[in-house]
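Undergrad: The structure's right below; bear with me while I get my questions together.
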Amino acid sequence: MLFIVAQFFKVLGFVLHSIPMGIWFAGLPLAIFCLLWNNKNSNRFARRLFAQLPIMLAIGINFGIVPLLFTQTLFYKPFYTATILMAWYWFAVIPILIVGYYSVYLASFSAASIEPIQPNDPKNKKENNRNKKSGTTNVRTILFGVIASACLISIGALIVNGQTLMIRDDLWTPIMERAGFYGAATGLANNMNDPSVWIRLSTVFAISLITTGVWSVFDSYFLLRKNNDNDNDNTKYKQWTLSFAFAITVIAAIIFVAIGCITAKYNVNGFASAKLTELSITELSFFVVSAVALTIVGAVLLAMKLCVGLQGKILTALIVIAQITALAGFGITRQLGQNAQLQQYVISAQTLSIAWEAFIPFLIFFVLGAIVVGWMLRQLVVARNIEST
């Protein structure tokens with residue numbers, strides 16, 4: 001009973017975590033790129049995303065605890081073995097997250113007044129002063145954004161490092177012999193030389209690119225301020241987000257293809273094998289996500305051609321549903337793959353019973369947390385009347 005319940009909450013938590021995580025994991029570097037691009041629409045996208053990131057970061061962190069909690073419950077032996085071997089790297093997540101969290105806030109506050117920098121006019125000192133102020137704000141936002149992005153990507157690499165080491169029990173003894181000190185774990189080991197770490201991280205980044213693109217379209221159609229005075233600007237911005245989303249979705253699809261070619265050539269464990277007939281459930285996750293990603297590319301392209309009035313909102317809703325479906329499909333196949341790789345531990349996990357004295361409080365706080373998250377998301381909807389969000 002516990003095994004089935006835990007599997008459900010692991011997938012649910014993964015999907016709920018992946019949505020905001022994708023927006024900050026890939027969205028933050030994209031926002032920085034848009035500031036460097038420095039035109040009216042790209043600055044508007046960056047300003048809106050930076051304003052939303054503090055809420056997205058809070059939601060993503062809290063939902064990320066759910067799959068981690070049940071991973072510790074079901075697969076405690078491989079999980080704790082892996083994280084003890086890399087203890088200092090695992091603990092480093094906390095201070096890195098603190099730095100990244102505050103950097104997101106500082107970047108968000110700085111981005112609120114960003115406007116495109118216009119060519120200097122020797123006859124217009126007022127405009128030149130505005131350019132100078134906007135340029136300073138732009139640099140400050142980019143600086144804090146780069147720090148935050150580096151922190152969050154580093155955390156992603158460390159977590160993937162632990163997850164890959166967890167399923168490689170054949171490496172535990174050699175790592176302990178190499179990194180141990182008279183039989184004691186120093187906590188300085190890592191699995192970064194395993195190519196699957198970087199392939200998994202690249203896969204997550206590609207998925208996050210698509211999530212960010214879908215979010216930008218959803219934001220422009222459902223959260224953008226309605227004002228008759230700037231309807232023309234809003235229409236242009238919506239078209240810009242569609243083109244932007246399409247471009248980064250194509251880039252994500254290219255990354256997927258590149259990952260497939262690399263893993264097929266080198267036969268990386270856990271990913272695409274050289275022959276399709278040799279694929280395991282674990283490896284199918286790559287192809288499931290790739291297929292759905294390409295479907296979303298087509299959906300975004302269709303939206304670019306047909307997106308007018310009510311049709312735009314309907315197609316946007318369909319794109320959002322498609323991406324959530326993609327994340328759910330990836331989460332399910334990811335879990336099936338982990339079960340296959342930890343088969344010997346699955347047998348013992350299936351015998352575990354639910355500790356109701358702990359599980360009932362978890363459910364209560366999970367529901368309360370979901371209500372709080374709903375309220376936080378409501379603030380994004382309410383804030384559509386404020387252009388800075």
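So you can find residues: chains in the structure tokens are A, B, ... in the order shown, residues in each start at 1, and ligands are numbered from 1 in order.
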Show me, as a ChimeraX atom specification, the residues that have an atom within 10 Å of region 29-37 of chain A when counting only C-alpha atoms, minus same-chain residues fewer than 5 positions from it.
TA: /A:23-24,42-50,111,114-116,138-139,141-146,148-150,153,209,212-213,248
Undergrad: Write to file, as an mmCIF file, in the first residue's frame, the residues of the selection just made, with N, CA and C atoms.
TA:
```
data_model
loop_
_atom_site.group_PDB
_atom_site.id
_atom_site.type_symbol
_atom_site.label_atom_id
_atom_site.label_comp_id
_atom_site.auth_asym_id
_atom_site.auth_seq_id
_atom_site.Cartn_x
_atom_site.Cartn_y
_atom_site.Cartn_z
ATOM 1 N N ILE A 23 10.649 27.068 -15.206
ATOM 2 C CA ILE A 23 10.592 28.505 -15.461
ATOM 3 C C ILE A 23 11.822 29.210 -14.913
ATOM 4 N N TRP A 24 12.361 28.731 -13.769
ATOM 5 C CA TRP A 24 13.569 29.400 -13.274
ATOM 6 C C TRP A 24 14.844 28.762 -13.840
ATOM 7 N N SER A 42 11.493 42.156 -25.648
ATOM 8 C CA SER A 42 12.367 41.282 -24.869
ATOM 9 C C SER A 42 12.538 41.808 -23.450
ATOM 10 N N ASN A 43 12.638 43.135 -23.300
ATOM 11 C CA ASN A 43 12.727 43.721 -21.961
ATOM 12 C C ASN A 43 11.439 43.516 -21.176
ATOM 13 N N ARG A 44 10.329 43.580 -21.892
ATOM 14 C CA ARG A 44 9.042 43.364 -21.222
ATOM 15 C C ARG A 44 8.931 41.930 -20.717
ATOM 16 N N PHE A 45 9.355 40.978 -21.544
ATOM 17 C CA PHE A 45 9.357 39.576 -21.107
ATOM 18 C C PHE A 45 10.251 39.388 -19.888
ATOM 19 N N ALA A 46 11.467 39.955 -19.937
ATOM 20 C CA ALA A 46 12.406 39.802 -18.823
ATOM 21 C C ALA A 46 11.853 40.437 -17.560
ATOM 22 N N ARG A 47 11.275 41.632 -17.695
ATOM 23 C CA ARG A 47 10.735 42.322 -16.524
ATOM 24 C C ARG A 47 9.607 41.526 -15.877
ATOM 25 N N ARG A 48 8.732 40.986 -16.695
ATOM 26 C CA ARG A 48 7.615 40.200 -16.166
ATOM 27 C C ARG A 48 8.109 38.903 -15.516
ATOM 28 N N LEU A 49 9.062 38.232 -16.169
ATOM 29 C CA LEU A 49 9.551 36.969 -15.621
ATOM 30 C C LEU A 49 10.297 37.193 -14.313
ATOM 31 N N PHE A 50 11.133 38.221 -14.248
ATOM 32 C CA PHE A 50 11.864 38.501 -13.018
ATOM 33 C C PHE A 50 10.894 38.820 -11.875
ATOM 34 N N ALA A 111 14.743 44.717 -11.762
ATOM 35 C CA ALA A 111 14.135 44.613 -13.097
ATOM 36 C C ALA A 111 12.850 45.404 -13.228
ATOM 37 N N ILE A 114 13.064 48.446 -15.653
ATOM 38 C CA ILE A 114 13.841 48.319 -16.896
ATOM 39 C C ILE A 114 13.008 48.738 -18.108
ATOM 40 N N GLU A 115 13.605 49.557 -18.960
ATOM 41 C CA GLU A 115 13.022 49.936 -20.237
ATOM 42 C C GLU A 115 14.116 49.851 -21.304
ATOM 43 N N PRO A 116 13.739 49.711 -22.577
ATOM 44 C CA PRO A 116 14.771 49.658 -23.621
ATOM 45 C C PRO A 116 15.620 50.928 -23.637
ATOM 46 N N ASN A 138 19.787 47.839 -15.687
ATOM 47 C CA ASN A 138 19.959 46.663 -16.533
ATOM 48 C C ASN A 138 21.175 45.845 -16.110
ATOM 49 N N VAL A 139 22.297 46.520 -15.896
ATOM 50 C CA VAL A 139 23.534 45.842 -15.489
ATOM 51 C C VAL A 139 23.345 45.170 -14.134
ATOM 52 N N THR A 141 20.550 44.142 -12.736
ATOM 53 C CA THR A 141 19.644 42.995 -12.890
ATOM 54 C C THR A 141 20.367 41.805 -13.498
ATOM 55 N N ILE A 142 21.164 42.069 -14.528
ATOM 56 C CA ILE A 142 21.911 40.984 -15.179
ATOM 57 C C ILE A 142 22.903 40.351 -14.209
ATOM 58 N N LEU A 143 23.584 41.184 -13.406
ATOM 59 C CA LEU A 143 24.566 40.673 -12.445
ATOM 60 C C LEU A 143 23.921 39.723 -11.446
ATOM 61 N N PHE A 144 22.840 40.176 -10.805
ATOM 62 C CA PHE A 144 22.163 39.324 -9.825
ATOM 63 C C PHE A 144 21.498 38.126 -10.506
ATOM 64 N N GLY A 145 21.031 38.327 -11.747
ATOM 65 C CA GLY A 145 20.425 37.222 -12.484
ATOM 66 C C GLY A 145 21.434 36.138 -12.801
ATOM 67 N N VAL A 146 22.644 36.531 -13.186
ATOM 68 C CA VAL A 146 23.700 35.555 -13.478
ATOM 69 C C VAL A 146 24.074 34.781 -12.216
ATOM 70 N N ALA A 148 22.162 34.239 -9.563
ATOM 71 C CA ALA A 148 21.044 33.352 -9.233
ATOM 72 C C ALA A 148 20.995 32.151 -10.159
ATOM 73 N N SER A 149 21.182 32.383 -11.458
ATOM 74 C CA SER A 149 21.137 31.293 -12.428
ATOM 75 C C SER A 149 22.256 30.292 -12.189
ATOM 76 N N ALA A 150 23.464 30.792 -11.910
ATOM 77 C CA ALA A 150 24.594 29.900 -11.629
ATOM 78 C C ALA A 150 24.311 29.042 -10.404
ATOM 79 N N ILE A 153 21.468 26.373 -11.321
ATOM 80 C CA ILE A 153 21.983 25.323 -12.205
ATOM 81 C C ILE A 153 22.948 24.420 -11.438
ATOM 82 N N LEU A 209 13.209 24.553 -21.185
ATOM 83 C CA LEU A 209 13.067 25.532 -22.260
ATOM 84 C C LEU A 209 11.639 25.540 -22.791
ATOM 85 N N THR A 212 9.261 27.058 -20.242
ATOM 86 C CA THR A 212 9.368 28.514 -20.225
ATOM 87 C C THR A 212 8.656 29.131 -21.419
ATOM 88 N N GLY A 213 8.819 28.519 -22.590
ATOM 89 C CA GLY A 213 8.136 29.023 -23.774
ATOM 90 C C GLY A 213 6.627 28.973 -23.616
ATOM 91 N N ILE A 248 12.535 28.829 -28.990
ATOM 92 C CA ILE A 248 13.206 28.068 -27.930
ATOM 93 C C ILE A 248 12.711 26.622 -27.868
#
```
Undergrad: Considering only C-alpha atoms, return as a VMD selection string whatever protein or nucleic-acid residues lie within 9 Å of region 69-85 of chain A, sequence-local ones (same chain, fewer than 5 positions apart) excluded.
TA: chain A and resid 2 to 3 6 to 7 9 to 10 64 90 162 to 169 172 175 to 176 179 to 180 185 to 190 342 345 to 346 348 to 350 352
Undergrad: Write the residues of the selection above to a file with C-alpha atoms, as a PDB file, in the first residue's frame.
TA:
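Produced file selection_14.pdb, reproduced below:
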```pdb
ATOM      1  CA  LEU A   2       2.737   2.486   0.946  1.00  0.00           C
ATOM      2  CA  PHE A   3       4.663   1.678  -2.238  1.00  0.00           C
ATOM      3  CA  ALA A   6       4.482   6.839  -2.481  1.00  0.00           C
ATOM      4  CA  GLN A   7       4.842   6.271  -6.225  1.00  0.00           C
ATOM      5  CA  PHE A   9       3.027  11.295  -4.692  1.00  0.00           C
ATOM      6  CA  LYS A  10       6.514  11.042  -6.209  1.00  0.00           C
ATOM      7  CA  GLY A  64      10.338  19.588  -4.713  1.00  0.00           C
ATOM      8  CA  TRP A  90      24.745  17.514  -0.792  1.00  0.00           C
ATOM      9  CA  GLY A 162      23.072  12.273  -6.177  1.00  0.00           C
ATOM     10  CA  GLN A 163      20.274  10.658  -8.189  1.00  0.00           C
ATOM     11  CA  THR A 164      22.660   9.023 -10.633  1.00  0.00           C
ATOM     12  CA  LEU A 165      24.959   7.824  -7.853  1.00  0.00           C
ATOM     13  CA  MET A 166      21.956   6.387  -6.020  1.00  0.00           C
ATOM     14  CA  ILE A 167      21.240   3.910  -8.828  1.00  0.00           C
ATOM     15  CA  ARG A 168      24.894   2.962  -9.365  1.00  0.00           C
ATOM     16  CA  ASP A 169      25.506   0.606  -6.430  1.00  0.00           C
ATOM     17  CA  TRP A 172      29.801   2.638  -4.087  1.00  0.00           C
ATOM     18  CA  ILE A 175      34.276   5.281  -4.521  1.00  0.00           C
ATOM     19  CA  MET A 176      34.574   4.404  -0.845  1.00  0.00           C
ATOM     20  CA  ALA A 179      37.601   8.678  -1.326  1.00  0.00           C
ATOM     21  CA  GLY A 180      37.371   7.061   2.119  1.00  0.00           C
ATOM     22  CA  ALA A 185      33.392   8.313   4.395  1.00  0.00           C
ATOM     23  CA  THR A 186      34.847  11.780   3.875  1.00  0.00           C
ATOM     24  CA  GLY A 187      31.777  12.993   1.982  1.00  0.00           C
ATOM     25  CA  LEU A 188      33.951  14.312  -0.838  1.00  0.00           C
ATOM     26  CA  ALA A 189      33.039  11.735  -3.472  1.00  0.00           C
ATOM     27  CA  ASN A 190      30.965  12.553  -6.531  1.00  0.00           C
ATOM     28  CA  LEU A 342      16.586  -0.287  -8.133  1.00  0.00           C
ATOM     29  CA  TYR A 345      15.269  -2.365  -3.292  1.00  0.00           C
ATOM     30  CA  VAL A 346      11.762  -2.260  -4.773  1.00  0.00           C
ATOM     31  CA  SER A 348      11.796  -4.567   0.190  1.00  0.00           C
ATOM     32  CA  ALA A 349       9.964  -1.250  -0.366  1.00  0.00           C
ATOM     33  CA  GLN A 350       6.797  -3.139  -1.354  1.00  0.00           C
ATOM     34  CA  LEU A 352       6.618  -1.389   3.916  1.00  0.00           C
TER      35      LEU A 352
END
```
Undergrad: What separation in Å, quoted to one decimal, exists between CA of Val15 (chain A) and CA of Gly331 (chain A)?
TA: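 For CA of Val15 (chain A) relative to CA of Gly331 (chain A), the distance reads 6.6 Å.
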Undergrad: Mind checking which residues fall within 12 Å of Asp219 (chain A), counting only C-alpha atoms, ignoring those fewer than 4 positions away in the same chain, and posting them as JSON, numbers by chain?
TA: {"A": [23, 44, 45, 48, 49, 52, 211, 212, 213, 214, 215, 223, 224, 225, 234, 237, 238, 241, 242, 245, 313, 316, 317, 320, 377, 380, 381, 383, 384, 389]}
Undergrad: Now that the selection is made, can you save its residues with C-alpha atoms as a CSV table (one decimal), in the first residue's frame?
TA:
```csv
chain,number,residue,atom,x,y,z
A,23,ILE,CA,10.6,28.5,-15.5
A,44,ARG,CA,9.0,43.4,-21.2
A,45,PHE,CA,9.4,39.6,-21.1
A,48,ARG,CA,7.6,40.2,-16.2
A,49,LEU,CA,9.6,37.0,-15.6
A,52,GLN,CA,7.3,36.3,-11.1
A,211,THR,CA,8.1,24.9,-20.2
A,212,THR,CA,9.4,28.5,-20.2
A,213,GLY,CA,8.1,29.0,-23.8
A,214,VAL,CA,4.7,27.7,-22.9
A,215,TRP,CA,4.6,29.9,-19.8
A,223,LEU,CA,-2.0,37.4,-17.2
A,224,LEU,CA,-1.1,40.5,-19.3
A,225,ARG,CA,-2.7,43.7,-18.1
A,234,ASN,CA,-0.1,44.0,-26.1
A,237,TYR,CA,3.9,41.4,-27.4
A,238,LYS,CA,1.7,38.4,-27.7
A,241,THR,CA,6.0,35.6,-27.2
A,242,LEU,CA,4.6,33.1,-29.8
A,245,ALA,CA,8.3,30.3,-27.6
A,313,LYS,CA,-6.7,31.6,-25.6
A,316,THR,CA,-2.8,28.5,-25.5
A,317,ALA,CA,-4.8,26.4,-23.1
A,320,VAL,CA,-0.4,24.3,-21.5
A,377,LEU,CA,-0.7,31.9,-7.9
A,380,LEU,CA,0.0,36.6,-10.2
A,381,VAL,CA,-3.6,36.8,-11.7
A,383,ALA,CA,-1.2,41.5,-10.4
A,384,ARG,CA,-2.1,41.4,-14.1
A,389,THR,CA,4.3,41.9,-13.1
```
Undergrad: Considering only C-alpha atoms, can you say which of A:Ala370, A:Met21, A:Ala26, A:Leu68 comes closest to Pro54 (chain A)?
TA: A:Met21
Undergrad: What lies within 12 Å of region 202-206 of chain A using only C-alpha atoms, ignoring chain neighbours under 4 positions off, as number ranges by chain?
TA: A: 18-19, 21-30, 152-153, 156-157, 159-160, 195-198, 210-213, 248-260, 262-263, 271, 285-287, 289-290, 293-294, 327, 330-331, 334
Undergrad: Write the residues of the preceding selection, restricted to N, CA and C atoms, as a compact mmCIF listing (two decimals), in the first residue's frame.
TA:
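Everything below was put into out37.txt:
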```txt
# COMPACT_ATOMS: atom_id res chain seq x y z
N SER A 18 8.28 20.44 -11.36
CA SER A 18 8.91 20.66 -12.66
C SER A 18 8.40 21.91 -13.35
N ILE A 19 7.15 22.29 -13.11
CA ILE A 19 6.58 23.45 -13.80
C ILE A 19 7.29 24.73 -13.38
N MET A 21 10.03 24.94 -11.59
CA MET A 21 11.47 24.70 -11.73
C MET A 21 11.93 24.98 -13.15
N GLY A 22 11.14 24.56 -14.13
CA GLY A 22 11.50 24.81 -15.52
C GLY A 22 11.56 26.29 -15.83
N ILE A 23 10.65 27.07 -15.21
CA ILE A 23 10.59 28.50 -15.46
C ILE A 23 11.82 29.21 -14.91
N TRP A 24 12.36 28.73 -13.77
CA TRP A 24 13.57 29.40 -13.27
C TRP A 24 14.84 28.76 -13.84
N PHE A 25 14.81 27.46 -14.11
CA PHE A 25 16.02 26.77 -14.56
C PHE A 25 16.45 27.25 -15.95
N ALA A 26 15.49 27.35 -16.87
CA ALA A 26 15.79 27.84 -18.21
C ALA A 26 15.32 29.27 -18.40
N GLY A 27 14.27 29.67 -17.69
CA GLY A 27 13.71 31.01 -17.87
C GLY A 27 14.64 32.10 -17.42
N LEU A 28 15.39 31.86 -16.34
CA LEU A 28 16.30 32.88 -15.84
C LEU A 28 17.42 33.19 -16.84
N PRO A 29 18.11 32.18 -17.39
CA PRO A 29 19.09 32.50 -18.45
C PRO A 29 18.47 33.18 -19.66
N LEU A 30 17.24 32.78 -20.00
CA LEU A 30 16.57 33.41 -21.14
C LEU A 30 16.23 34.87 -20.84
N LEU A 152 21.30 28.15 -9.16
CA LEU A 152 20.22 27.20 -9.40
C LEU A 152 20.66 26.07 -10.33
N ILE A 153 21.47 26.37 -11.32
CA ILE A 153 21.98 25.32 -12.20
C ILE A 153 22.95 24.42 -11.44
N GLY A 156 20.95 22.03 -9.47
CA GLY A 156 20.44 20.98 -10.34
C GLY A 156 21.49 19.93 -10.63
N ALA A 157 22.73 20.36 -10.87
CA ALA A 157 23.81 19.41 -11.14
C ALA A 157 24.10 18.55 -9.92
N ILE A 159 22.00 17.74 -7.45
CA ILE A 159 20.89 16.82 -7.21
C ILE A 159 20.91 15.67 -8.22
N VAL A 160 21.16 15.98 -9.49
CA VAL A 160 21.28 14.92 -10.50
C VAL A 160 22.46 14.02 -10.18
N PRO A 195 28.90 10.31 -17.61
CA PRO A 195 28.25 11.13 -18.66
C PRO A 195 26.75 11.25 -18.51
N SER A 196 26.12 10.27 -17.83
CA SER A 196 24.67 10.33 -17.68
C SER A 196 24.24 11.52 -16.81
N VAL A 197 25.13 12.02 -15.93
CA VAL A 197 24.82 13.20 -15.12
C VAL A 197 24.53 14.39 -16.03
N TRP A 198 25.42 14.61 -16.98
CA TRP A 198 25.30 15.76 -17.86
C TRP A 198 24.22 15.56 -18.91
N ILE A 210 11.10 24.34 -23.02
CA ILE A 210 9.73 24.25 -23.53
C ILE A 210 8.74 24.78 -22.51
N THR A 211 8.95 24.45 -21.23
CA THR A 211 8.07 24.94 -20.17
C THR A 211 8.08 26.47 -20.13
N THR A 212 9.26 27.06 -20.24
CA THR A 212 9.37 28.51 -20.23
C THR A 212 8.66 29.13 -21.42
N GLY A 213 8.82 28.52 -22.59
CA GLY A 213 8.14 29.02 -23.77
C GLY A 213 6.63 28.97 -23.62
N ILE A 248 12.54 28.83 -28.99
CA ILE A 248 13.21 28.07 -27.93
C ILE A 248 12.71 26.62 -27.87
N THR A 249 11.48 26.38 -28.35
CA THR A 249 11.01 24.99 -28.41
C THR A 249 11.76 24.22 -29.48
N VAL A 250 12.04 24.88 -30.60
CA VAL A 250 12.85 24.25 -31.65
C VAL A 250 14.25 23.95 -31.12
N ILE A 251 14.82 24.90 -30.37
CA ILE A 251 16.14 24.67 -29.77
C ILE A 251 16.11 23.47 -28.84
N ALA A 252 15.03 23.36 -28.05
CA ALA A 252 14.89 22.21 -27.14
C ALA A 252 14.82 20.91 -27.92
N ALA A 253 14.08 20.91 -29.03
CA ALA A 253 13.98 19.70 -29.85
C ALA A 253 15.34 19.32 -30.43
N ILE A 254 16.13 20.32 -30.82
CA ILE A 254 17.48 20.06 -31.33
C ILE A 254 18.35 19.44 -30.23
N ILE A 255 18.20 19.95 -29.00
CA ILE A 255 18.95 19.37 -27.87
C ILE A 255 18.57 17.92 -27.66
N PHE A 256 17.27 17.62 -27.75
CA PHE A 256 16.82 16.23 -27.60
C PHE A 256 17.45 15.33 -28.66
N VAL A 257 17.46 15.80 -29.90
CA VAL A 257 18.05 15.01 -30.98
C VAL A 257 19.54 14.79 -30.73
N ALA A 258 20.24 15.85 -30.30
CA ALA A 258 21.67 15.75 -30.02
C ALA A 258 21.93 14.75 -28.90
N ILE A 259 21.09 14.80 -27.84
CA ILE A 259 21.24 13.86 -26.72
C ILE A 259 21.05 12.43 -27.22
N GLY A 260 20.03 12.23 -28.08
CA GLY A 260 19.78 10.90 -28.61
C GLY A 260 20.95 10.38 -29.42
N ILE A 262 24.14 11.29 -29.19
CA ILE A 262 25.30 11.06 -28.31
C ILE A 262 25.14 9.78 -27.51
N THR A 263 23.96 9.61 -26.92
CA THR A 263 23.75 8.44 -26.07
C THR A 263 23.70 7.16 -26.89
N PHE A 271 20.02 5.45 -20.88
CA PHE A 271 19.45 6.23 -21.96
C PHE A 271 19.39 5.40 -23.24
N SER A 285 11.83 6.79 -21.57
CA SER A 285 11.46 8.12 -21.09
C SER A 285 11.99 9.19 -22.04
N PHE A 286 13.20 8.98 -22.55
CA PHE A 286 13.78 9.95 -23.47
C PHE A 286 12.91 10.12 -24.71
N PHE A 287 12.48 9.01 -25.30
CA PHE A 287 11.72 9.07 -26.53
C PHE A 287 10.31 9.60 -26.29
N VAL A 289 9.39 11.86 -24.02
CA VAL A 289 9.49 13.31 -23.88
C VAL A 289 9.83 13.96 -25.21
N SER A 290 10.71 13.34 -26.00
CA SER A 290 11.08 13.89 -27.30
C SER A 290 9.86 13.99 -28.21
N ALA A 293 7.57 16.66 -26.98
CA ALA A 293 8.19 17.97 -27.22
C ALA A 293 7.98 18.41 -28.67
N LEU A 294 8.17 17.48 -29.61
CA LEU A 294 7.98 17.81 -31.01
C LEU A 294 6.51 18.10 -31.30
N LEU A 327 5.14 16.52 -19.06
CA LEU A 327 5.83 16.39 -17.77
C LEU A 327 5.32 15.18 -16.99
N PHE A 330 6.76 12.09 -18.63
CA PHE A 330 8.16 11.95 -18.27
C PHE A 330 8.30 11.50 -16.83
N GLY A 331 7.47 12.06 -15.94
CA GLY A 331 7.53 11.68 -14.53
C GLY A 331 7.21 10.20 -14.31
N ARG A 334 10.00 8.09 -15.87
CA ARG A 334 11.18 8.29 -15.02
C ARG A 334 11.08 7.41 -13.77
```
Undergrad: Which residue gives the smallest distance to Phe222 (chain A) among A:Ile147, A:Thr325, A:Leu315, A:Gln344, with only C-alpha atoms counted?
TA: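 Result for the nearest residue to Phe222 (chain A): A:Leu315.
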Undergrad: Mind pulling up the distance from CA of Ala328 (chain A) to CA of Val367 (chain A)?
TA: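 According to the coordinates, CA of Val367 (chain A) and CA of Ala328 (chain A) are separated by 20.1 Å.
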Undergrad: What's the separation between CA of Ile354 (chain A) and CA of Ile4 (chain A), in Å to one decimal place?
TA: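 Rounded to one decimal, the two atoms are 10.5 Å apart.
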Undergrad: Could you please write out, as JSON, numbers by chain, every residue of region 59-267 of chain A that DSSP assigns to helix (DSSP H, G or I)?
TA: {"A": [59, 60, 61, 62, 63, 64, 65, 66, 67, 68, 69, 70, 71, 72, 73, 74, 76, 77, 78, 79, 80, 81, 82, 83, 84, 85, 87, 88, 89, 90, 91, 93, 94, 95, 96, 97, 98, 99, 100, 101, 102, 103, 104, 105, 106, 107, 108, 109, 110, 111, 125, 126, 127, 128, 129, 130, 131, 132, 133, 134, 135, 136, 137, 138, 139, 140, 141, 142, 143, 144, 145, 146, 147, 148, 149, 150, 151, 152, 153, 154, 155, 156, 157, 158, 159, 160, 161, 162, 163, 164, 165, 166, 172, 173, 174, 175, 176, 177, 178, 179, 195, 196, 197, 198, 199, 200, 201, 202, 203, 204, 205, 206, 207, 208, 209, 210, 211, 212, 213, 214, 215, 216, 217, 218, 219, 220, 221, 222, 223, 228, 229, 230, 231, 232, 233, 234, 235, 236, 237, 238, 239, 240, 241, 242, 243, 244, 245, 246, 247, 248, 249, 250, 251, 252, 253, 254, 255, 256, 257, 258, 259, 260, 261, 262, 263, 264, 265, 266]}
